[in-house]
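Colleague: File work_31.txt follows (compact mmCIF, C-alpha atoms):
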# COMPACT_ATOMS: atom_id res chain seq x y z
CA MET A 286 87.37 110.96 78.57
CA TRP A 287 91.10 110.84 79.16
CA ALA A 288 91.25 107.21 78.27
CA THR A 289 90.86 108.06 74.66
CA SER A 290 93.67 110.01 73.05
CA LEU A 291 92.92 113.40 71.63
CA PRO A 292 92.42 113.48 67.89
CA ILE A 293 95.66 115.30 67.21
CA SER A 294 98.25 114.04 64.81
CA LEU A 295 101.86 115.13 64.83
CA GLU A 296 101.60 116.42 61.31
CA ASN A 297 99.13 119.08 62.44
CA TYR A 298 101.91 120.49 64.53
CA GLY A 299 104.54 120.34 61.82
CA PHE A 300 106.58 117.57 63.39
CA ASN A 301 107.78 114.37 61.91
CA LYS A 302 107.79 111.17 63.89
CA ILE A 303 111.29 111.48 65.30
CA ASP A 304 110.49 114.54 67.37
CA ILE A 305 110.15 113.75 71.05
CA MET A 306 108.10 116.74 72.03
CA GLY A 307 105.60 116.03 74.76
CA PRO A 308 103.07 115.47 76.11
CA LEU A 309 103.54 112.04 74.62
CA ILE A 310 100.07 110.53 74.99
CA PRO A 311 98.02 113.52 73.77
CA LEU A 312 100.38 113.77 70.79
CA GLU A 313 99.95 110.03 70.14
CA ILE A 314 103.67 109.36 70.38
CA ILE A 315 102.71 106.74 72.93
CA THR A 316 99.58 105.00 71.75
CA GLY A 317 96.41 104.08 73.58
CA GLN A 318 97.18 100.60 74.78
CA TRP A 319 100.08 101.81 76.90
CA ASP A 320 97.92 104.34 78.75
CA PHE A 321 96.94 102.09 81.60
CA VAL A 322 100.37 100.60 82.15
CA ILE A 323 101.77 104.10 82.45
CA ALA A 324 98.90 105.16 84.74
CA LEU A 325 99.67 102.19 86.97
CA LEU A 326 103.37 103.07 87.10
CA ILE A 327 102.83 106.78 87.76
CA GLY A 328 100.21 105.96 90.39
CA GLY A 329 102.56 103.43 91.95
CA ALA A 330 105.38 105.94 92.21
CA PHE A 331 102.91 108.44 93.68
CA GLY A 332 101.80 106.00 96.38
CA PHE A 333 105.37 105.03 97.18
CA ILE A 334 106.50 108.65 97.59
CA LEU A 335 103.48 109.55 99.73
CA GLU A 336 104.00 106.60 102.05
CA ALA A 337 107.77 106.94 102.24
CA SER A 338 107.40 110.63 103.15
CA GLY A 339 105.18 109.70 106.11
CA PHE A 340 101.77 110.53 104.66
CA SER A 341 100.28 107.18 105.62
CA SER A 342 100.06 108.67 109.12
CA SER A 343 97.26 111.14 109.83
CA ARG A 344 99.14 112.43 112.85
CA ASN A 345 102.12 113.37 110.71
CA ILE A 346 99.80 115.16 108.30
CA ALA A 347 97.71 117.00 110.90
CA GLY A 348 100.94 118.30 112.46
CA VAL A 349 100.94 121.04 109.84
CA PHE A 350 97.93 122.61 111.57
CA TYR A 351 99.39 122.48 115.08
CA GLY A 352 103.03 123.20 114.39
CA TYR A 353 104.52 119.90 115.56
CA ASN A 354 105.22 118.44 112.12
CA PHE A 355 105.50 120.40 108.89
CA VAL A 356 106.26 117.45 106.63
CA VAL A 357 103.16 118.22 104.53
CA LEU A 358 104.31 121.76 103.84
CA ARG A 359 107.86 120.63 103.02
CA VAL A 360 106.86 117.89 100.61
CA PHE A 361 104.01 119.87 99.05
CA PHE A 362 105.93 123.09 98.48
CA THR A 363 109.10 121.34 97.26
CA ALA A 364 107.08 119.25 94.82
CA MET A 365 105.28 122.29 93.52
CA ILE A 366 108.35 124.41 92.89
CA VAL A 367 110.27 121.50 91.34
CA ALA A 368 107.34 120.75 89.02
CA MET A 369 106.84 124.44 88.13
CA VAL A 370 110.50 125.15 87.40
CA GLY A 371 110.87 121.88 85.49
CA TYR A 372 107.71 122.51 83.52
CA LEU A 373 108.87 125.99 82.46
CA TYR A 374 112.27 124.55 81.57
CA PHE A 375 110.74 121.77 79.47
CA SER A 376 108.60 124.32 77.68
CA TYR A 377 111.54 126.67 77.11
CA MET A 378 113.59 123.83 75.64
CA GLY A 379 110.70 122.91 73.37
CA TRP A 380 110.22 119.50 75.00
CA VAL A 381 106.62 119.99 75.95
CA ASP A 382 103.76 121.91 74.37
CA MET A 383 102.14 123.77 77.26
CA ASN A 384 98.95 124.17 75.24
CA LEU A 385 98.40 120.44 75.43
CA VAL A 386 98.97 120.08 79.17
CA PHE A 387 95.72 120.16 81.10
CA VAL A 388 95.07 123.38 82.99
CA LEU A 389 92.34 122.70 85.52
CA PRO A 390 89.48 125.08 84.64
CA THR A 391 88.38 127.60 87.24
CA TYR A 392 84.79 127.62 88.46
CA LEU A 393 85.36 130.25 91.09
CA ASN A 394 82.31 129.94 93.38
CA SER A 395 82.22 126.17 93.36
CA MET A 396 85.97 125.82 93.94
CA LEU A 397 85.94 128.29 96.84
CA LEU A 398 83.24 126.20 98.51
CA GLY A 399 84.99 122.94 97.62
CA GLY A 400 88.30 124.14 99.08
CA PHE A 401 86.47 125.25 102.22
CA ILE A 402 84.77 121.88 102.72
CA MET A 403 88.01 119.99 102.04
CA GLY A 404 89.86 122.17 104.56
CA LEU A 405 87.36 121.08 107.20
CA GLY A 406 87.68 117.47 106.12
CA PHE A 407 91.46 117.77 106.28
CA VAL A 408 91.67 118.98 109.89
CA ILE A 409 88.95 116.56 111.07
CA GLY A 410 90.03 113.44 109.18
CA GLY A 411 93.77 114.01 108.90
CA PHE A 412 94.00 112.52 105.42
CA CYS A 413 93.19 113.47 101.90
CA PRO A 414 91.98 110.82 99.43
CA GLY A 415 95.45 109.89 98.07
CA THR A 416 97.06 109.60 101.49
CA SER A 417 94.13 107.57 102.84
CA TYR A 418 94.74 104.98 100.08
CA THR A 419 98.34 104.56 101.23
CA ALA A 420 97.32 104.42 104.90
CA ALA A 421 94.80 101.70 104.08
CA ALA A 422 97.46 99.89 102.05
CA ILE A 423 99.69 99.45 105.12
CA GLY A 424 96.84 98.31 107.34
CA LYS A 425 95.41 101.42 108.97
CA ILE A 426 91.71 101.04 109.63
CA ASP A 427 91.26 104.82 109.89
CA GLY A 428 92.65 105.02 106.33
CA PHE A 429 90.00 102.56 105.10
CA VAL A 430 87.26 104.45 106.94
CA PHE A 431 88.39 107.80 105.50
CA ALA A 432 88.49 106.35 101.97
CA GLY A 433 85.01 104.87 102.55
CA GLY A 434 83.86 108.33 103.62
CA VAL A 435 85.15 109.79 100.35
CA PHE A 436 82.93 107.37 98.40
CA ILE A 437 79.92 108.22 100.56
CA GLY A 438 80.59 111.95 100.15
CA ILE A 439 80.76 111.66 96.37
CA PHE A 440 77.55 109.61 96.38
CA LEU A 441 75.76 112.26 98.48
CA PHE A 442 77.06 115.06 96.28
CA SER A 443 75.83 113.29 93.14
CA GLU A 444 72.41 112.41 94.53
CA PHE A 445 71.70 116.02 95.51
CA PHE A 446 73.38 117.49 92.44
CA PRO A 447 70.19 119.05 90.96
CA LEU A 448 69.99 121.33 94.03
CA TYR A 449 73.25 123.08 93.17
CA GLU A 450 73.67 122.36 89.48
CA GLY A 451 73.63 126.10 88.73
CA PHE A 452 76.04 126.99 91.51
CA TYR A 453 78.42 124.25 90.34
CA THR A 454 79.26 126.18 87.16
CA GLU A 455 78.80 129.76 88.41
CA ASN A 456 81.53 132.33 87.81
CA TYR A 457 83.35 130.21 85.24
CA LEU A 458 86.71 131.74 84.28
CA GLY A 459 87.88 129.07 81.84
CA ASN A 460 91.27 127.36 81.85
CA ILE A 461 92.88 130.46 83.28
CA THR A 462 96.41 130.40 84.72
CA ILE A 463 97.61 132.19 87.83
CA GLY A 464 99.79 134.44 85.68
CA GLU A 465 96.89 135.41 83.39
CA MET A 466 94.72 136.14 86.41
CA LEU A 467 97.32 138.38 88.03
CA GLY A 468 98.56 139.93 84.80
CA VAL A 469 102.13 138.65 85.15
CA SER A 470 104.06 135.87 83.45
CA ASN A 471 104.05 132.38 84.91
CA GLU A 472 107.83 132.73 85.28
CA ILE A 473 107.18 135.51 87.80
CA VAL A 474 104.57 133.35 89.50
CA THR A 475 107.10 130.52 89.80
CA PHE A 476 109.72 132.89 91.20
CA ALA A 477 107.22 134.10 93.82
CA PHE A 478 106.40 130.51 94.76
CA VAL A 479 110.09 129.69 95.20
CA LEU A 480 110.60 132.74 97.41
CA VAL A 481 107.53 132.01 99.54
CA ALA A 482 108.58 128.37 99.84
CA MET A 483 112.08 129.29 101.06
CA ILE A 484 110.67 131.65 103.69
CA ALA A 485 108.06 129.09 104.73
CA PHE A 486 110.69 126.33 105.04
CA TYR A 487 112.75 128.48 107.37
CA LEU A 488 109.89 129.82 109.52
CA THR A 489 108.21 126.44 109.96
CA TRP A 490 111.54 124.91 110.94
CA LEU A 491 111.76 127.47 113.76
CA ILE A 492 108.15 126.92 114.82
CA GLU A 493 108.47 123.14 114.77
CA LYS A 494 111.54 123.19 117.02
CA LYS A 495 109.72 125.36 119.55
CA VAL A 496 106.49 123.35 119.55
CA ARG A 497 108.20 119.96 119.79
CA LYS A 498 110.14 121.05 122.85
CA ASN A 499 106.88 121.41 124.76
CA MET A 500 105.23 118.29 123.40
CA THR A 501 105.47 114.91 125.01
CA GLU A 502 102.42 112.96 123.91
CA TYR A 503 103.14 112.95 120.21
CA LYS A 504 105.14 110.03 118.93
CA PHE A 505 105.71 109.19 115.30
CA ASP A 506 103.83 106.20 114.10
CA MET V 282 98.81 99.87 119.45
CA ASP V 283 101.59 100.65 121.84
CA LYS V 284 101.34 104.11 123.27
CA LYS V 285 105.04 104.36 123.70
CA ILE V 286 107.20 103.45 120.82
CA ASP V 287 110.85 103.24 121.66
CA ALA V 288 113.34 105.06 119.54
CA LYS V 289 114.49 101.96 117.69
CA LYS V 290 110.99 101.26 116.46
CA ARG V 291 110.44 104.76 115.16
CA PRO V 292 109.40 104.62 111.55
CA VAL V 293 111.93 105.62 108.96
CA TYR V 294 110.83 108.27 106.53
CA ILE V 295 112.71 109.72 103.61
CA ASN V 296 113.86 113.32 103.95
CA PRO V 297 110.79 115.50 103.22
CA TYR V 298 112.67 117.75 100.81
CA PHE V 299 113.92 114.69 98.95
CA GLY V 300 110.36 113.32 98.95
CA GLY V 301 109.17 116.65 97.58
CA LEU V 302 111.85 116.58 94.87
CA LEU V 303 110.77 113.09 93.80
CA LEU V 304 107.10 114.10 93.84
CA GLY V 305 107.84 117.22 91.79
CA LEU V 306 109.76 115.17 89.21
CA LEU V 307 106.88 112.69 89.10
CA ILE V 308 104.39 115.49 88.38
CA LEU V 309 106.73 116.77 85.67
CA ALA V 310 107.02 113.27 84.17
CA SER V 311 103.25 112.97 84.26
CA PHE V 312 102.86 116.31 82.46
CA TYR V 313 105.42 115.22 79.87
CA ILE V 314 104.01 111.76 79.27
CA ALA V 315 100.29 112.15 79.83
CA GLY V 316 99.70 115.90 79.59
CA ARG V 317 98.08 115.83 83.02
CA GLY V 318 99.08 115.63 86.65
CA LEU V 319 98.31 113.25 89.49
CA SER V 320 94.89 112.42 90.83
CA ALA V 321 93.20 110.56 93.67
CA SER V 322 89.55 111.54 94.15
CA GLY V 323 88.73 111.08 90.45
CA SER V 324 89.03 107.32 90.83
CA ALA V 325 86.59 107.31 93.75
CA LYS V 326 84.13 109.31 91.68
CA LEU V 327 84.28 106.84 88.79
CA ALA V 328 83.89 103.92 91.18
CA VAL V 329 80.76 105.51 92.66
CA VAL V 330 79.39 106.13 89.16
CA GLU V 331 80.02 102.49 88.25
CA VAL V 332 78.35 101.12 91.37
CA VAL V 333 75.28 103.36 91.05
CA HIS V 334 75.02 102.52 87.36
CA LEU V 335 75.16 98.80 88.15
CA VAL V 336 72.54 98.99 90.90
CA ALA V 337 70.21 101.51 89.26
CA PRO V 338 71.12 102.05 85.60
CA GLU V 339 68.23 104.36 84.78
CA HIS V 340 68.77 106.48 87.86
CA ALA V 341 72.43 106.99 86.93
CA GLU V 342 71.60 107.82 83.32
CA ASN V 343 68.96 110.35 84.36
CA ASN V 344 71.12 112.03 86.98
CA ALA V 345 72.89 115.06 85.50
CA TYR V 346 76.07 114.32 87.47
CA TYR V 347 76.56 110.56 87.07
CA SER V 348 75.69 110.77 83.40
CA LYS V 349 78.62 113.15 82.77
CA PHE V 350 81.00 110.29 83.54
CA LEU V 351 79.28 107.40 81.80
CA PRO V 352 81.18 106.72 78.58
CA GLU V 353 78.98 107.28 75.53
CA ASP V 354 80.01 104.00 73.95
CA GLY V 355 78.48 102.12 76.88
CA SER V 356 81.81 100.88 78.24
CA SER V 357 82.57 100.84 81.94
CA PRO V 358 83.67 104.10 83.58
CA LEU V 359 86.24 101.98 85.42
CA PHE V 360 88.24 101.43 82.26
CA ASN V 361 89.95 104.73 82.81
CA TRP V 362 93.37 106.25 83.48
CA LEU V 363 92.27 107.48 86.93
CA ILE V 364 91.30 104.03 88.17
CA PHE V 365 94.61 102.49 87.14
CA GLY V 366 96.41 105.39 88.77
CA ALA V 367 94.58 104.80 92.05
CA ILE V 368 95.29 101.06 91.99
CA GLY V 369 98.93 101.98 91.47
CA THR V 370 98.80 104.43 94.39
CA PHE V 371 97.47 101.73 96.72
CA PHE V 372 100.11 99.19 95.78
CA GLY V 373 102.88 101.78 95.64
CA GLY V 374 102.00 102.73 99.20
CA MET V 375 101.98 99.09 100.19
CA LEU V 376 105.41 98.56 98.64
CA SER V 377 106.85 101.51 100.52
CA GLY V 378 105.26 100.24 103.73
CA ALA V 379 106.89 96.86 103.14
CA VAL V 380 110.29 98.39 102.34
CA TYR V 381 110.29 100.60 105.44
CA GLY V 382 108.70 98.07 107.78
CA ARG V 383 105.34 99.73 108.26
CA LEU V 384 103.21 97.17 106.48
CA GLY V 385 101.45 95.47 109.35
CA LYS V 386 98.29 94.11 110.82
CA LEU V 387 95.08 96.11 110.87
CA ARG V 388 95.36 98.94 113.36
CA ILE V 389 94.02 102.38 114.21
CA GLU V 390 96.34 105.31 114.58
CA LYS V 391 95.19 108.11 116.85
CA SER V 392 96.13 110.52 119.57
CA PRO V 393 96.29 108.73 122.95
CA LYS V 394 93.75 111.24 124.23
CA ILE V 395 90.86 109.98 122.10
CA SER V 396 89.14 106.62 121.77
CA ASN V 397 89.26 104.40 118.71
CA ARG V 398 85.60 105.17 118.14
CA THR V 399 86.21 108.93 118.11
CA ARG V 400 89.07 108.51 115.66
CA LEU V 401 87.02 106.40 113.27
CA ILE V 402 84.07 108.80 113.39
CA ALA V 403 86.43 111.72 112.68
CA ALA V 404 88.11 109.81 109.84
CA GLY V 405 84.74 108.92 108.31
CA ALA V 406 83.44 112.48 108.64
CA GLY V 407 86.65 113.87 107.15
CA GLY V 408 86.34 111.45 104.25
CA ILE V 409 82.72 112.42 103.58
CA LEU V 410 83.66 116.11 103.61
CA PHE V 411 86.53 115.43 101.23
CA GLY V 412 84.23 113.46 98.95
CA ILE V 413 81.77 116.35 98.74
CA GLY V 414 84.43 119.08 98.63
CA SER V 415 86.45 117.41 95.88
CA GLN V 416 83.42 117.45 93.57
CA PHE V 417 82.81 121.16 94.10
CA GLY V 418 86.57 121.76 93.89
CA ARG V 419 87.10 119.76 90.66
CA GLY V 420 89.69 117.63 92.41
CA CYS V 421 91.31 117.06 95.79
CA SER V 422 94.75 117.82 97.19
CA SER V 423 96.38 115.77 94.42
CA GLY V 424 94.45 116.76 91.33
CA ALA V 425 93.42 120.32 92.10
CA ALA V 426 95.81 121.70 94.72
CA LEU V 427 99.10 120.00 93.82
CA SER V 428 98.90 119.15 90.11
CA GLY V 429 96.52 122.00 89.29
CA THR V 430 98.72 124.65 90.85
CA SER V 431 101.84 123.09 89.33
CA ALA V 432 100.30 123.56 85.89
CA PHE V 433 99.56 127.16 86.96
CA SER V 434 95.80 126.68 87.21
CA PHE V 435 94.24 129.59 89.08
CA GLY V 436 91.47 127.31 90.35
CA GLY V 437 94.09 124.91 91.71
CA LEU V 438 95.64 127.74 93.71
CA ILE V 439 92.21 128.72 95.07
CA VAL V 440 91.54 125.18 96.23
CA MET V 441 94.98 124.89 97.84
CA ALA V 442 94.71 128.24 99.64
CA LEU V 443 91.22 127.48 100.96
CA MET V 444 92.07 123.92 101.96
CA PHE V 445 95.02 124.89 104.13
CA GLY V 446 93.57 128.23 105.23
CA VAL V 447 90.33 126.67 106.48
CA GLY V 448 92.33 123.89 108.11
CA TYR V 449 94.19 126.49 110.16
CA LEU V 450 91.02 128.46 110.82
CA PHE V 451 89.27 125.47 112.39
CA ALA V 452 92.34 123.73 113.86
CA TYR V 453 91.63 125.17 117.30
CA PHE V 454 88.18 123.56 117.48
CA PHE V 455 89.47 120.10 116.58
CA ARG V 456 92.71 120.20 118.55
CA LYS V 457 91.53 117.45 120.91
CA LEU V 458 91.60 115.02 118.01
CA TRP V 459 95.33 115.57 117.52
CA ILE V 460 97.19 117.11 120.44
How does this structure look as structure tokens?
Modeller:
Amino acid sequence: MWATSLPISLENYGFNKIDIMGPLIPLEIITGQWDFVIALLIGGAFGFILEASGFSSSRNIAGVFYGYNFVVLRVFFTAMIVAMVGYLYFSYMGWVDMNLVFVLPTYLNSMLLGGFIMGLGFVIGGFCPGTSYTAAAIGKIDGFVFAGGVFIGIFLFSEFFPLYEGFYTENYLGNITIGEMLGVSNEIVTFAFVLVAMIAFYLTWLIEKKVRKNMTEYKFD
Amino acid sequence: MDKKIDAKKRPVYINPYFGGLLLGLLILASFYIAGRGLSASGSAKLAVVEVVHLVAPEHAENNAYYSKFLPEDGSSPLFNWLIFGAIGTFFGGMLSGAVYGRLGKLRIEKSPKISNRTRLIAAGAGGILFGIGSQFGRGCSSGAALSGTSAFSFGGLIVMALMFGVGYLFAYFFRKLWI
């Protein structure tokens, strides 16, 4: 699917070869054989950042639900607002064609259920798939077991797929953006995210201080 | 595992806001280069498809879900961007663990209040739920919640809100696992 480049040539978009407008791979500025090297590098940076931020520890992650460690919220929200602001900036400067960047399509019913199930998995298992890979990579058996569970879960889902094949695509809204859904521009959406993030950073800092004062059994690992 | 870790042995993490900045720039770079964000569960899905197809080719081809991800030209579903990304994630994590002194022997991390067995059952159950949920959700925390929302996908926002909201909703019932 993604391994093959989209059949789009630069000329269709009125550019000549010296333009550096992105995305580079869908526009065939970087050709197919480099795909996997780049995937490996981006994935590698992803794993490094996750581990270095403390996400190879389920106890660090689960802290977000009990108020003793909000590292998940800090990293997640900061990443999101940096990516959003940067993405809008790149688009504004004409460096990236937003029409060619993948917007995850919305299948409302299925995604509501999926988010619900993953929320349960999150608070029970303390990892998500990406963080479990990094936990396994540094030797945590619970990381391996979680990752193994992900494979089993996908297998079960696929085997019973005919039972919910209809539900899986119900209430399809297309590749709709948050701004389109709410009837505002995505610049406004980004601004709202930045505001909410700032407030959340401050409030969780207060909560964390209070909770940690009364906690003795939790040690970083 | 030692229950008490003295202050000197405390693991060193990068500042979370700095980590978030780096992660945000990485997502941006990924949008710019590949036209797509980060992913984790997609690789597990393709690996499952590959294994089932190897063991029972006809079953995989007749199943409406597996068959979506079998390349039409008959090549392996493993020869894919997502798989290389996941391999990178594993080794990137390992490199960070080595740099910061966390790469070590096989061990289980858990609250001192629960047994190893309880922790492993919880980790396995959480993984299974994530495996199922990520298929309904069209991605996990990385692909749907983080990268999806960053590209302004409404579905990504839904998944993120539900994932954290439900986590908080049920946190009370699973508190013994953590605190």
Colleague: Please indicate the distance in Å from CA of Asn361 in chain V to CA of Gly411 in chain A, rounded to one decimal place.
Modeller: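 Interatomic distance here is 28.0 Å.
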Colleague: Which residue gives the smallest distance to chain A among V:Lys457, V:His340, V:Arg398, V:Lys386, with all atoms listed in the file counted?
Modeller: V:Lys386
Colleague: Tell me, in Å to one decimal, how far CA of Ala485 in chain A is from CA of Leu467 in chain A.
Modeller: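 Rounded to one decimal, the two atoms are 21.9 Å apart.
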Colleague: Between CA of Asn345 in chain A and CA of Val357 in chain A, what distance in Å does the model show, to one decimal?
Modeller: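 These two atoms are separated by 7.9 Å.
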Colleague: I'd like the contact shell of Pro390 in chain A - 12 Å cut-off, only C-alpha atoms, skipping same-chain residues fewer than 2 positions apart - returned as a VMD selection string.
Modeller: (chain A and resid 387 to 388 392 to 393 395 to 396 454 456 to 463) or (chain V and resid 418 to 420 424 to 425 429 to 430 432 to 440)
Colleague: Determine, counting all atoms listed in the file, every residue of protein, DNA or RNA that lies within 9 Å of (98.1, 105.0, 83.6) in the file coordinates, then give the result as an mmCIF file with C-alpha atoms, keeping the file's coordinate frame.
Modeller:
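Full text of out_27.cif as output:
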data_model
loop_
_atom_site.group_PDB
_atom_site.id
_atom_site.type_symbol
_atom_site.label_atom_id
_atom_site.label_comp_id
_atom_site.auth_asym_id
_atom_site.auth_seq_id
_atom_site.Cartn_x
_atom_site.Cartn_y
_atom_site.Cartn_z
ATOM 1 C CA ALA A 288 91.250 107.210 78.270
ATOM 2 C CA TRP A 319 100.080 101.810 76.900
ATOM 3 C CA ASP A 320 97.920 104.340 78.750
ATOM 4 C CA PHE A 321 96.940 102.090 81.600
ATOM 5 C CA VAL A 322 100.370 100.600 82.150
ATOM 6 C CA ILE A 323 101.770 104.100 82.450
ATOM 7 C CA ALA A 324 98.900 105.160 84.740
ATOM 8 C CA LEU A 325 99.670 102.190 86.970
ATOM 9 C CA LEU A 326 103.370 103.070 87.100
ATOM 10 C CA ILE A 327 102.830 106.780 87.760
ATOM 11 C CA GLY A 328 100.210 105.960 90.390
ATOM 12 C CA ALA V 315 100.290 112.150 79.830
ATOM 13 C CA ASN V 361 89.950 104.730 82.810
ATOM 14 C CA TRP V 362 93.370 106.250 83.480
ATOM 15 C CA LEU V 363 92.270 107.480 86.930
ATOM 16 C CA ILE V 364 91.300 104.030 88.170
ATOM 17 C CA PHE V 365 94.610 102.490 87.140
ATOM 18 C CA GLY V 366 96.410 105.390 88.770
ATOM 19 C CA GLY V 369 98.930 101.980 91.470
#
Colleague: Can you tell me, as a PyMOL selection string, what residues are no more than 9 Å from Glu444 in chain A when counting only C-alpha atoms, ignoring any on the same chain fewer than 4 positions away?
Modeller: (chain A and resi 439-440) or (chain V and resi 344+346-347)
Colleague: In terms of the shortest atom-to-atom distance over all atoms listed in the file, which of A:Glu336, A:Glu472, A:Glu313, A:Glu465 is closest to chain V?
Modeller: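 With all atoms listed in the file as the atom set, the closest residue is A:Glu336.
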Colleague: Which residues of range 375-410 of chain V come within 7 Å of range 414-430 of chain A, and for each one, what is the closest pair of atoms and their distance in Å to one decimal, counting only C-alpha atoms, sorted by chain and residue number, as a Markdown table?
Modeller:
| residue | atom | partner | partner_atom | distance |
| --- | --- | --- | --- | --- |
| V:Met375 | CA | A:Ala422 | CA | 5.0 |
| V:Gly378 | CA | A:Ile423 | CA | 5.8 |
| V:Arg383 | CA | A:Ile423 | CA | 6.5 |
| V:Leu384 | CA | A:Ile423 | CA | 4.4 |
| V:Gly385 | CA | A:Gly424 | CA | 5.8 |
| V:Lys386 | CA | A:Gly424 | CA | 5.6 |
| V:Leu387 | CA | A:Gly424 | CA | 4.5 |
| V:Arg388 | CA | A:Lys425 | CA | 5.0 |
| V:Ile389 | CA | A:Ile426 | CA | 5.3 |
| V:Glu390 | CA | A:Lys425 | CA | 6.9 |
| V:Leu401 | CA | A:Asp427 | CA | 5.6 |
| V:Ala404 | CA | A:Asp427 | CA | 5.9 |
| V:Gly405 | CA | A:Val430 | CA | 5.3 |
Colleague: I need every residue sitting at most 10 Å from the point (87.9, 123.6, 109.2) (coordinates as in the file, all atoms listed in the file considered), written as a compact mmCIF listing (two decimals) with C-alpha atoms, in the frame of the given file.
Modeller:
# COMPACT_ATOMS: atom_id res chain seq x y z
CA PHE A 401 86.47 125.25 102.22
CA ILE A 402 84.77 121.88 102.72
CA MET A 403 88.01 119.99 102.04
CA GLY A 404 89.86 122.17 104.56
CA LEU A 405 87.36 121.08 107.20
CA GLY A 406 87.68 117.47 106.12
CA PHE A 407 91.46 117.77 106.28
CA VAL A 408 91.67 118.98 109.89
CA ILE A 409 88.95 116.56 111.07
CA LEU V 443 91.22 127.48 100.96
CA MET V 444 92.07 123.92 101.96
CA PHE V 445 95.02 124.89 104.13
CA GLY V 446 93.57 128.23 105.23
CA VAL V 447 90.33 126.67 106.48
CA GLY V 448 92.33 123.89 108.11
CA TYR V 449 94.19 126.49 110.16
CA LEU V 450 91.02 128.46 110.82
CA PHE V 451 89.27 125.47 112.39
CA ALA V 452 92.34 123.73 113.86
CA TYR V 453 91.63 125.17 117.30
CA PHE V 454 88.18 123.56 117.48
CA PHE V 455 89.47 120.10 116.58
Colleague: In terms of the shortest atom-to-atom distance over only C-alpha atoms, which of A:Trp490, A:Phe355, A:Tyr377, A:Phe431 is closest to chain V?
Modeller: A:Phe431
Colleague: Between V:Leu458, V:Ala337, V:Ile409, V:Leu319, which one has atoms that come closest to chain A, using all atoms listed in the file?
Modeller: V:Ile409
Colleague: Which residues are near Gly316 in chain V? Cut-off 9 Å, only C-alpha atoms, ignore same chain within fewer than 2 positions. Put them as a PyMOL selection string.
Modeller: (chain A and resi 307-311+381-383+385-387) or (chain V and resi 311-314+318)
Colleague: Please provide as number ranges by chain all residues within 6 Å of Phe333 in chain A, with the sequence filter that same-chain residues fewer than 4 positions apart are discarded (counting all atoms listed in the file).
Modeller: A: 337; V: 373-374, 377
Colleague: Let's have the selection written as a tab-separated table (two decimals), keeping the file's coordinate frame, with C-alpha atoms.
Modeller:
chain	number	residue	atom	x	y	z
A	337	ALA	CA	107.77	106.94	102.24
V	373	GLY	CA	102.88	101.78	95.64
V	374	GLY	CA	102.00	102.73	99.20
V	377	SER	CA	106.85	101.51	100.52
Colleague: Pick the closest to chain V from A:Gly317, A:Gly332, A:Gly352, A:Pro447: which is it, counting all atoms listed in the file?
Modeller: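 Checking each of A:Gly317, A:Gly332, A:Gly352, A:Pro447 against chain V, counting all atoms listed in the file, the winner is A:Gly332.
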